[in-house]
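Asker: Contents are compact mmCIF, C-alpha atoms and all ligand atoms; file name my_file.txt:
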# COMPACT_ATOMS: atom_id res chain seq x y z
CA MET T 1 126.47 -3.30 -39.42
CA ASN T 2 123.24 -5.21 -39.52
CA TRP T 3 121.67 -6.51 -42.71
CA ILE T 4 119.06 -3.81 -42.94
CA ALA T 5 121.66 -1.07 -42.70
CA LEU T 6 123.76 -2.84 -45.31
CA PHE T 7 120.75 -3.14 -47.61
CA PHE T 8 120.00 0.56 -47.39
CA SER T 9 123.67 1.47 -47.81
CA ILE T 10 123.70 -0.49 -51.06
CA LEU T 11 120.46 1.12 -52.24
CA PHE T 12 121.89 4.48 -51.35
CA ALA T 13 125.13 3.81 -53.21
CA ILE T 14 123.34 2.61 -56.35
CA ALA T 15 120.83 5.44 -56.31
CA TYR T 16 123.49 8.10 -55.92
CA THR T 17 126.08 6.86 -58.38
CA SER T 18 123.74 6.13 -61.26
CA THR T 19 122.96 8.50 -64.11
CA ALA T 20 119.22 8.00 -63.61
CA PRO T 21 117.37 11.07 -62.38
CA ASP T 22 117.08 11.41 -58.61
CA ALA T 23 113.67 11.11 -57.05
CA VAL T 24 112.48 14.05 -54.98
CA ASN T 25 110.29 14.18 -51.88
CA VAL T 26 106.61 13.90 -52.64
CA SER T 27 104.38 15.19 -49.88
CA GLU T 28 101.07 14.58 -51.65
CA TRP T 29 100.34 11.54 -53.77
CA PRO T 30 97.35 11.48 -56.09
CA THR T 31 94.10 9.92 -55.04
CA PHE T 32 92.13 7.74 -57.40
CA SER T 33 88.52 6.66 -57.48
CA LEU T 34 86.60 3.71 -58.78
CA PRO T 35 84.83 4.76 -62.00
CA ILE T 36 82.03 7.17 -61.07
CA ASN T 37 78.75 6.59 -62.95
CA PRO T 38 80.42 3.89 -65.04
CA LYS T 39 79.08 3.03 -68.46
CA PRO T 40 80.55 0.31 -70.64
CA LEU T 41 82.71 1.59 -73.47
CA THR T 42 81.36 -0.71 -76.18
CA ASN T 43 80.32 -0.51 -79.82
CA VAL T 44 83.53 1.29 -80.62
CA LYS T 45 83.79 1.75 -84.39
CA LYS T 46 87.26 1.49 -85.87
CA TYR T 47 87.82 4.50 -88.08
CA ALA T 48 90.86 4.41 -90.41
CA LEU T 49 91.62 0.83 -89.34
CA ASN T 50 95.22 -0.09 -90.30
CA ASN T 51 95.71 3.34 -91.85
CA VAL T 52 97.01 5.01 -88.68
CA HIS T 53 99.48 3.81 -86.05
CA ALA T 54 99.24 5.16 -82.53
CA PRO T 55 97.01 8.12 -83.48
CA GLU T 56 97.72 10.03 -80.27
CA THR T 57 95.87 13.21 -81.23
CA ASN T 58 93.20 13.96 -83.83
CA ILE T 59 92.51 17.44 -85.16
CA ILE T 60 89.07 18.04 -86.59
CA THR T 61 88.64 21.18 -88.73
CA PRO T 62 85.42 22.23 -90.47
CA ASN T 63 86.43 20.38 -93.65
CA HIS T 64 89.20 17.97 -92.71
CA PHE T 65 90.16 15.27 -90.24
CA TYR T 66 93.84 15.02 -89.36
CA SER T 67 95.61 12.48 -87.18
CA LEU T 68 99.09 12.74 -85.63
CA THR T 69 100.72 9.34 -85.81
CA GLU T 70 103.75 7.50 -84.50
CA ASP T 71 105.62 7.61 -87.82
CA GLY T 72 105.92 11.39 -87.49
CA ALA T 73 103.13 12.09 -89.94
CA ILE T 74 100.14 14.34 -90.08
CA LYS T 75 97.63 12.18 -91.90
CA GLU T 76 94.48 13.41 -93.51
CA ILE T 77 91.66 10.91 -93.26
CA ASN T 78 88.62 10.91 -95.49
CA ASP T 79 85.06 9.78 -94.78
CA LEU T 80 85.91 6.23 -95.87
CA GLY T 81 88.77 6.05 -93.40
CA GLN T 82 91.47 6.17 -96.07
CA SER T 83 94.53 8.12 -95.06
CA LYS T 84 97.01 10.30 -96.89
CA THR T 85 100.20 11.71 -95.36
CA VAL T 86 100.02 15.47 -95.88
CA CYS T 87 103.13 16.33 -93.89
CA THR T 88 105.94 14.76 -91.89
CA VAL T 89 107.32 16.90 -89.13
CA GLY T 90 110.66 15.08 -88.70
CA GLY T 91 109.84 13.93 -85.21
CA ARG T 92 106.92 12.79 -83.13
CA PRO T 93 103.97 15.19 -83.16
CA LEU T 94 102.16 14.60 -79.87
CA GLY T 95 99.54 17.32 -79.95
CA GLY T 96 98.14 19.90 -82.31
CA ALA T 97 95.36 22.37 -82.93
CA TYR T 98 93.65 24.09 -85.84
CA ALA T 99 94.01 27.85 -86.16
CA PRO T 100 90.76 29.12 -87.72
CA LEU T 101 91.79 32.79 -87.70
CA GLU T 102 94.94 32.14 -89.72
CA SER T 103 93.54 29.54 -92.11
CA THR T 104 92.05 30.51 -95.50
CA SER T 105 89.90 28.73 -98.07
CA THR T 106 93.04 27.24 -99.65
CA THR T 107 95.32 26.71 -96.67
CA THR T 108 94.90 25.09 -93.26
CA ILE T 109 97.16 26.29 -90.46
CA LEU T 110 97.93 23.85 -87.67
CA TYR T 111 100.06 24.41 -84.59
CA VAL T 112 101.81 21.22 -83.59
CA ALA T 113 103.86 20.17 -80.55
CA GLU T 114 106.84 18.03 -81.54
CA ILE T 115 108.67 16.54 -78.55
CA THR T 116 112.08 18.17 -78.89
CA LYS T 117 111.51 20.83 -81.54
CA GLY T 118 108.77 22.51 -79.52
CA LEU T 119 105.94 24.49 -81.09
CA LEU T 120 105.65 24.28 -84.88
CA ARG T 121 103.39 26.10 -87.32
CA VAL T 122 102.41 23.94 -90.27
CA THR T 123 100.80 25.37 -93.40
CA LEU T 124 98.83 22.74 -95.28
CA SER T 125 97.91 23.88 -98.76
CA HIS T 126 95.08 22.14 -100.48
CA LEU T 127 97.16 22.33 -103.65
CA PRO T 128 100.01 19.84 -104.09
CA SER T 129 103.11 21.32 -102.47
CA THR T 130 105.53 20.74 -99.63
CA PRO T 131 103.98 22.24 -96.53
CA PRO T 132 106.20 24.87 -94.93
CA ILE T 133 106.93 24.13 -91.27
CA ILE T 134 108.18 26.90 -89.04
CA THR T 135 109.64 26.22 -85.61
CA LEU T 136 108.29 28.96 -83.36
CA VAL T 137 109.22 28.15 -79.78
CA SER T 138 112.04 25.77 -78.79
CA PHE T 139 113.07 27.33 -75.50
CA LEU T 140 111.21 27.70 -72.27
CA ASN T 141 112.56 31.12 -71.69
CA PRO T 142 114.80 33.06 -74.04
CA LEU T 143 116.79 34.38 -71.07
CA THR T 144 117.74 31.05 -69.53
CA ASN T 145 118.00 29.22 -72.84
CA LEU T 146 116.50 26.07 -71.32
CA PRO T 147 115.29 23.99 -74.23
CA ILE T 148 111.83 22.47 -74.45
CA LEU T 149 112.36 18.72 -73.97
CA TYR T 150 108.87 17.29 -74.02
CA ALA T 151 106.42 19.43 -76.01
CA ASP T 152 103.10 17.71 -75.60
CA ASP T 153 99.79 19.36 -76.45
CA VAL T 154 98.38 22.53 -78.02
CA THR T 155 95.16 24.55 -77.83
CA ILE T 156 94.18 27.83 -79.48
CA SER T 157 91.84 30.48 -78.07
CA SER T 158 89.16 32.24 -80.07
CA LYS T 159 91.52 35.24 -80.23
CA GLY T 160 94.12 33.05 -81.94
CA ILE T 161 96.54 32.81 -79.00
CA VAL T 162 98.32 29.45 -78.87
CA TYR T 163 98.81 27.66 -75.53
CA PHE T 164 100.93 24.54 -75.23
CA THR T 165 102.43 22.22 -72.65
CA ASP T 166 105.98 21.05 -72.02
CA ALA T 167 105.33 17.91 -70.02
CA SER T 168 108.60 17.47 -68.16
CA ASN T 169 112.25 18.50 -68.08
CA LEU T 170 113.34 14.88 -68.54
CA PRO T 171 114.80 14.29 -72.00
CA VAL T 172 112.92 11.71 -74.08
CA PRO T 173 115.49 9.35 -75.62
CA LEU T 174 115.15 7.92 -79.11
CA LEU T 175 113.95 4.31 -79.20
CA PRO T 176 116.74 1.92 -80.19
CA GLY T 177 117.17 1.82 -83.95
CA SER T 178 114.77 4.65 -84.61
CA VAL T 179 115.47 7.94 -86.32
CA PHE T 180 112.79 9.87 -84.47
CA LYS T 181 110.49 7.56 -82.52
CA ARG T 182 111.02 8.40 -78.88
CA ASP T 183 110.38 6.62 -75.62
CA THR T 184 107.53 8.84 -74.51
CA LEU T 185 105.91 6.22 -72.32
CA GLY T 186 109.10 5.14 -70.51
CA THR T 187 110.06 8.76 -69.90
CA SER T 188 106.65 9.63 -68.54
CA ILE T 189 106.80 6.68 -66.12
CA LYS T 190 110.20 7.96 -64.92
CA ASP T 191 108.69 11.40 -64.41
CA GLY T 192 105.93 9.86 -62.31
CA ILE T 193 108.38 7.94 -60.13
CA ARG T 194 110.79 10.88 -59.80
CA GLY T 195 108.10 13.16 -58.36
CA LEU T 196 109.50 16.49 -59.54
CA LYS T 197 106.89 18.92 -60.82
CA SER T 198 108.78 20.19 -63.85
CA GLY T 199 106.04 20.56 -66.48
CA CYS T 200 104.82 23.93 -67.68
CA ILE T 201 102.38 25.80 -69.89
CA LEU T 202 103.59 28.39 -72.40
CA SER T 203 101.68 30.73 -74.64
CA TYR T 204 102.55 32.06 -78.07
CA ASP T 205 100.90 35.10 -79.59
CA PRO T 206 101.24 34.74 -83.39
CA PHE T 207 100.29 38.39 -83.97
CA LYS T 208 102.87 39.89 -81.59
CA LYS T 209 105.23 36.90 -82.02
CA ALA T 210 105.62 36.80 -78.25
CA THR T 211 106.08 33.83 -75.90
CA ARG T 212 105.09 33.79 -72.24
CA VAL T 213 105.29 31.29 -69.41
CA VAL T 214 101.74 30.79 -68.14
CA LYS T 215 102.35 28.27 -65.36
CA GLN T 216 105.23 26.15 -64.09
CA GLY T 217 105.50 23.35 -61.54
CA ILE T 218 103.09 20.81 -63.02
CA TRP T 219 103.69 17.11 -62.39
CA PHE T 220 103.68 16.16 -66.09
CA ALA T 221 101.75 18.85 -67.99
CA ASN T 222 99.75 16.91 -70.55
CA GLY T 223 96.49 17.63 -72.41
CA ILE T 224 95.39 21.25 -72.56
CA ALA T 225 92.19 22.99 -73.68
CA VAL T 226 91.12 26.61 -73.63
CA GLU T 227 87.61 27.48 -72.53
CA GLY T 228 85.51 29.06 -75.29
CA GLY T 229 85.35 32.50 -73.71
CA GLY T 230 89.14 32.57 -73.34
CA LYS T 231 89.06 33.08 -69.56
CA TYR T 232 90.91 29.94 -68.51
CA LEU T 233 92.75 26.81 -69.56
CA LEU T 234 92.20 23.30 -68.31
CA VAL T 235 95.31 21.13 -68.14
CA CYS T 236 95.77 17.49 -67.19
CA GLU T 237 98.43 17.07 -64.51
CA THR T 238 99.07 13.42 -65.31
CA PHE T 239 100.83 12.26 -62.15
CA GLY T 240 98.64 14.31 -59.87
CA ALA T 241 95.72 12.43 -61.53
CA ARG T 242 93.88 15.71 -61.67
CA VAL T 243 92.77 18.56 -63.89
CA LEU T 244 93.92 22.09 -63.11
CA LYS T 245 92.17 25.31 -64.08
CA VAL T 246 94.59 28.11 -64.99
CA SER T 247 93.48 31.69 -65.52
CA ILE T 248 94.55 33.46 -68.72
CA GLU T 249 92.77 36.70 -67.92
CA GLU T 250 95.28 39.51 -67.65
CA ASP T 251 94.72 40.48 -64.02
CA THR T 252 94.83 36.89 -62.74
CA PHE T 253 97.14 35.41 -65.39
CA GLY T 254 98.53 32.04 -64.34
CA GLU T 255 96.49 31.71 -61.14
CA THR T 256 95.60 28.08 -60.70
CA GLU T 257 92.98 26.06 -58.88
CA VAL T 258 92.04 22.40 -58.91
CA PHE T 259 89.18 21.65 -61.33
CA ALA T 260 88.79 17.91 -60.72
CA GLU T 261 90.75 15.64 -58.40
CA GLY T 262 90.26 12.24 -56.78
CA VAL T 263 87.55 11.31 -59.30
CA PHE T 264 89.61 9.50 -61.94
CA PRO T 265 90.27 5.75 -61.99
CA GLY T 266 93.81 6.31 -63.31
CA TYR T 267 96.20 8.84 -64.76
CA VAL T 268 94.92 11.55 -67.07
CA ASP T 269 96.23 12.43 -70.54
CA GLY T 270 94.35 14.47 -73.19
CA LEU T 271 91.27 16.59 -72.59
CA SER T 272 88.87 18.69 -74.62
CA PHE T 273 85.64 20.62 -74.38
CA GLY T 274 82.57 18.92 -75.81
CA GLU T 275 79.03 20.13 -76.38
CA GLY T 276 77.48 22.36 -73.74
CA GLY T 277 80.67 22.98 -71.79
CA LYS T 278 81.25 19.30 -71.02
CA VAL T 279 84.87 18.26 -70.59
CA HIS T 280 86.16 14.90 -71.80
CA VAL T 281 89.28 13.56 -70.11
CA ALA T 282 91.27 10.58 -71.42
CA VAL T 283 92.44 8.02 -68.85
CA PRO T 284 95.06 5.87 -70.63
CA SER T 285 95.83 3.53 -67.77
CA PRO T 286 94.39 2.56 -64.40
CA ALA T 287 96.23 3.50 -61.23
CA PRO T 288 99.21 1.10 -61.17
CA LYS T 289 99.08 -0.99 -57.97
CA ALA T 290 102.87 -0.81 -57.58
CA VAL T 291 102.82 3.00 -57.55
CA VAL T 292 99.90 3.13 -55.12
CA LEU T 293 101.79 0.78 -52.80
CA LEU T 294 105.00 2.74 -53.18
CA SER T 295 103.21 5.97 -52.29
CA LYS T 296 102.27 4.46 -48.92
CA ILE T 297 105.87 3.76 -47.87
CA LYS T 298 107.02 6.05 -45.10
CA PRO T 299 109.07 7.89 -43.91
CA ILE T 300 109.57 10.34 -46.73
CA TRP T 301 113.35 9.89 -46.97
CA LEU T 302 112.95 6.14 -47.41
CA ASN T 303 110.23 6.63 -49.98
CA THR T 304 112.46 9.01 -51.94
CA LEU T 305 115.45 6.69 -51.67
CA LEU T 306 113.44 3.70 -52.92
CA ARG T 307 112.16 5.68 -55.87
CA SER T 308 115.69 6.85 -56.72
CA PHE T 309 116.71 3.21 -56.71
CA ILE T 310 113.76 2.16 -58.88
CA LEU T 311 114.80 4.83 -61.40
CA THR T 312 118.12 3.00 -61.87
CA LEU T 313 116.30 -0.20 -62.89
CA PRO T 314 114.83 -1.08 -66.28
CA PRO T 315 111.11 -0.23 -66.44
CA LEU T 316 109.14 -2.54 -64.17
CA ILE T 317 105.62 -1.40 -64.81
CA LYS T 318 103.66 -3.73 -67.03
CA GLU T 319 101.03 -2.05 -69.13
CA VAL T 320 97.59 -3.49 -68.95
CA PRO T 321 95.09 -3.15 -71.80
CA TYR T 322 92.45 -0.68 -70.65
CA GLY T 323 90.18 1.90 -72.26
CA CYS T 324 88.60 4.76 -70.35
CA PHE T 325 87.52 8.36 -70.52
CA VAL T 326 85.66 10.56 -68.05
CA THR T 327 83.14 13.26 -68.91
CA LEU T 328 82.93 16.19 -66.49
CA SER T 329 80.46 19.04 -66.20
CA GLU T 330 81.67 22.61 -66.66
CA LYS T 331 82.03 22.72 -62.88
CA GLY T 332 84.32 19.69 -62.84
CA GLU T 333 81.82 17.15 -61.50
CA VAL T 334 81.82 13.70 -63.05
CA ILE T 335 78.86 13.11 -65.36
CA GLU T 336 79.95 9.64 -66.44
CA THR T 337 82.95 7.36 -66.85
CA ARG T 338 83.06 5.17 -69.93
CA VAL T 339 85.26 2.20 -69.38
CA ASP T 340 86.40 -0.93 -71.18
CA TYR T 341 88.10 -2.77 -68.32
CA LYS T 342 89.87 -5.25 -70.59
CA GLY T 343 90.87 -2.82 -73.30
CA GLU T 344 89.24 -5.02 -75.92
CA GLU T 345 87.51 -2.30 -77.89
CA ALA T 346 89.53 0.74 -76.93
CA ASN T 347 93.01 0.78 -75.41
CA PHE T 348 95.33 3.38 -73.96
CA ILE T 349 93.13 6.35 -74.85
CA THR T 350 95.18 9.54 -75.07
CA SER T 351 92.72 12.01 -76.56
CA VAL T 352 88.97 12.51 -76.78
CA GLU T 353 87.37 14.88 -79.31
CA GLU T 354 83.62 15.40 -79.64
CA ARG T 355 82.18 16.54 -82.98
CA ASP T 356 78.62 16.36 -84.32
CA GLY T 357 77.38 13.76 -81.87
CA LYS T 358 80.45 11.52 -82.18
CA ILE T 359 83.44 11.10 -79.91
CA TYR T 360 86.81 10.30 -81.52
CA LEU T 361 89.35 8.47 -79.39
CA GLY T 362 93.09 8.83 -79.97
CA SER T 363 95.43 6.17 -78.65
CA LEU T 364 99.09 5.38 -78.13
CA LYS T 365 98.44 1.72 -78.92
CA THR T 366 95.75 1.15 -81.50
CA ASN T 367 95.91 1.12 -85.29
CA PHE T 368 92.56 2.86 -85.60
CA ILE T 369 90.67 5.86 -84.24
CA GLY T 370 87.84 4.70 -81.98
CA VAL T 371 84.47 6.32 -82.58
CA VAL T 372 81.51 6.19 -80.20
CA ASP T 373 78.25 8.12 -79.93
CA ALA T 374 78.49 11.18 -77.66
C1 LIG K 1 113.06 15.22 -47.96
O1 LIG K 1 112.52 14.74 -46.76
C2 LIG K 1 113.51 14.41 -45.77
C3 LIG K 1 112.82 13.74 -44.61
O2 LIG K 1 111.64 14.38 -44.23
C4 LIG K 1 114.27 15.68 -45.40
O3 LIG K 1 115.25 15.38 -44.46
C5 LIG K 1 114.90 16.28 -46.65
O4 LIG K 1 115.54 17.49 -46.35
C6 LIG K 1 113.85 16.49 -47.71
N1 LIG K 1 114.49 16.93 -48.93
C7 LIG K 1 114.07 17.97 -49.64
C8 LIG K 1 114.85 18.29 -50.87
O5 LIG K 1 113.10 18.62 -49.31
Just dump the structure as C-alpha cells.

Answerer:
Amino acid sequence: MNWIALFFSILFAIAYTSTAPDAVNVSEWPTFSLPINPKPLTNVKKYALNNVHAPETNIITPNHFYSLTEDGAIKEINDLGQSKTVCTVGGRPLGGAYAPLESTSTTTILYVAEITKGLLRVTLSHLPSTPPIITLVSFLNPLTNLPILYADDVTISSKGIVYFTDASNLPVPLLPGSVFKRDTLGTSIKDGIRGLKSGCILSYDPFKKATRVVKQGIWFANGIAVEGGGKYLLVCETFGARVLKVSIEEDTFGETEVFAEGVFPGYVDGLSFGEGGKVHVAVPSPAPKAVVLLSKIKPIWLNTLLRSFILTLPPLIKEVPYGCFVTLSEKGEVIETRVDYKGEEANFITSVEERDGKIYLGSLKTNFIGVVDA
C-alpha cells in the first residue's frame, strides 16, 4: 500500500466511524462576487448600546421596537435606546414578525421562531402581565413526526398567513454550561460543509390553524420575507449564497426560481423588503477562502470524503470581523452593496430592516443595533 492510499484509508476510516454528520455530494457550489456598486458602510449609529446582546432580529411595529437577543429575551427598546425585557421565550428566538391583523390597541401579537420549539405566538399586553406564549408548530409534518430542529425566521402576509423557515435538519447543541444558548454558528458551518439541502419553508394559517410545507430542499433556509401583494416569498439560501423566489399563489404554490445569485460577496442571512420594492439582504461573512478552495477539489468522491473528514474535526473556520448588506431592486438586480471591510462599525450583520428613512442592522456579534440612513 502506498502512502497516499494509506492516507485516504485513514481519512475514510475516521470519516465513517465518527458521529459527525456525513458530507454529501455537492454538484454545484455557490458563486460569489466582489461587492457590486460598493459604498462604505460608515456613520453607523449605535442604538441601544450595551442594552442588547447579539440582537439577531429586530421587529418594528407602528408603535414599538422589539429586539430578539441572545439571552432568550424579547426586548422593547424606547427612543432613547433603553431596553426592557417584555418576554423570555425559554430558548433562543432567532426570527420574528408582527401580526397587524391579530394585534389590538392593547395587545401586540408577535410570531417568533425559537430554534427547537418551532413557531411560537407571543401576546404582549401593554398592561403589566406575563405574556402568554403558545407553541403552534413543532413538527415539520404531523404524519412523519419529524421535529423542527432549527426554526429560523418568520414573515407574515397581508392576509395574516405566517411563513417561517427551518434552516436545517442538523440539531443545534446547547453551548457548554448554558441552559438555552445554542451553537447556531457552529451548526450552520457544519451544514455548509455537509452539503445536504435539508432546510424548508412552512406556512401556518392562524385562522384555519393549518400548517403546510411550502418548499423543501434548501441549503440552509434562512431569512424570509413575503412580498406585499402576497404572491411570493423571498428566502435566503445561505450556503447557495443566493436568494430564491417561491410562489405562494394557489395554482403555483411552492414553485421556485432563483431571484439573485452570484452577486453577493459572501453568505446571505436575513432579508426584508424596503421602500419601493427594494430588497435588503444581510451578508454576515465574506466567502471563506477555505471553503472556496475546498469546493474546487475534484473528483466529487474525494471532495465528499474530505468534507466528511473535516466534519469530524473541531471547527476550523476563523471568523473575520466584517459588515455588509446588499440592496436589490424588485427584479433582483444589485442596486448597491454597503460594506465595512474591517467590521469596525458594523459586524456580522444578520438582519436589515428599513423604516422611515433609516435602516436597522441586527447582528450576531454586536451589543447594539446599527442604524444608518436608507
Ligand atoms: C457521489 O459521487 C460519487 C462519484 O461521482 C458517486 O460514485 C456516488 O454514487 C455519489 N453519491 C451519491 C449519494 O450520489

Asker: What's the 12 Å shell around T:Ser125, counting all atoms listed in the file, without same-chain residues fewer than 5 positions away, as a VMD selection string?

Answerer: chain T and resid 86 to 87 103 to 110 130 to 133

Asker: Pick out the residues sitting within 8 Å of T:Ala241, and hand them over as a count of residues only; count only C-alpha atoms, and ignore anything fewer than 5 positions along from it in its own chain.

Answerer: 10

Asker: So what do you get for atom CA of T:Lys208 versus atom CA of T:Lys159, distance-wise?

Answerer: 12.3 Å

Asker: Taking only C-alpha atoms and all ligand atoms and a cut-off of 6 Å, can you tell me which residues surround ligand LIG 1 (chain K), written as a compact mmCIF listing (two decimals) with C-alpha atoms, in the frame of the given file?

Answerer:
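After the write, selection.txt holds the following:
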# COMPACT_ATOMS: atom_id res chain seq x y z
CA ASN T 25 110.29 14.18 -51.88
CA ILE T 300 109.57 10.34 -46.73
CA TRP T 301 113.35 9.89 -46.97

Asker: Of the candidates T:Glu333, T:Val179, T:Ile60, T:Leu328, which one gets nearest to T:Glu354 if we count only C-alpha atoms?

Answerer: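 Nearest to T:Glu354: T:Ile60.
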
Asker: Residues within 12 Å of (106.9, 20.4, -83.6), file coordinates, counting only C-alpha atoms: what are they? Give the list as an MDAnalysis selection string.

Answerer: chainID T and resid 68 72:74 87:97 110:122 133:138 148:154 164:166

Asker: Using only C-alpha atoms, pick whichever of T:Leu80, T:Ala282, T:Lys197, T:Trp29 has the shortest atom-to-atom distance to T:Leu294.

Answerer: T:Trp29

Asker: Of the residues T:Glu345, T:Glu237, T:Glu353, T:Asp340, which is the one nearest to T:Pro38, using only C-alpha atoms?

Answerer: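 Among the listed residues, the smallest separation from T:Pro38 belongs to T:Asp340.
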
Asker: Counting all atoms listed in the file, which residue out of T:Gly276, T:Pro286, T:Gly192, T:Gly332 sits closest to T:Glu257?

Answerer: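 Of the candidates, the smallest distance to T:Glu257 is held by T:Gly332.
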
Asker: Can you work out which one of T:Val162, T:Ile349, T:Leu174, T:Ala48 has the shortest atom-to-atom distance to T:Glu76, counting all atoms listed in the file?

Answerer: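 Comparing T:Val162, T:Ile349, T:Leu174, T:Ala48 against T:Glu76, the winner is T:Ala48.
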
Asker: Taking only C-alpha atoms into account, name the residue in T:Ser178, T:Gly229, T:Ser272, T:Ala167 that is nearest to T:Thr155.

Answerer: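 Closest to T:Thr155, using only C-alpha atoms: T:Ser272.
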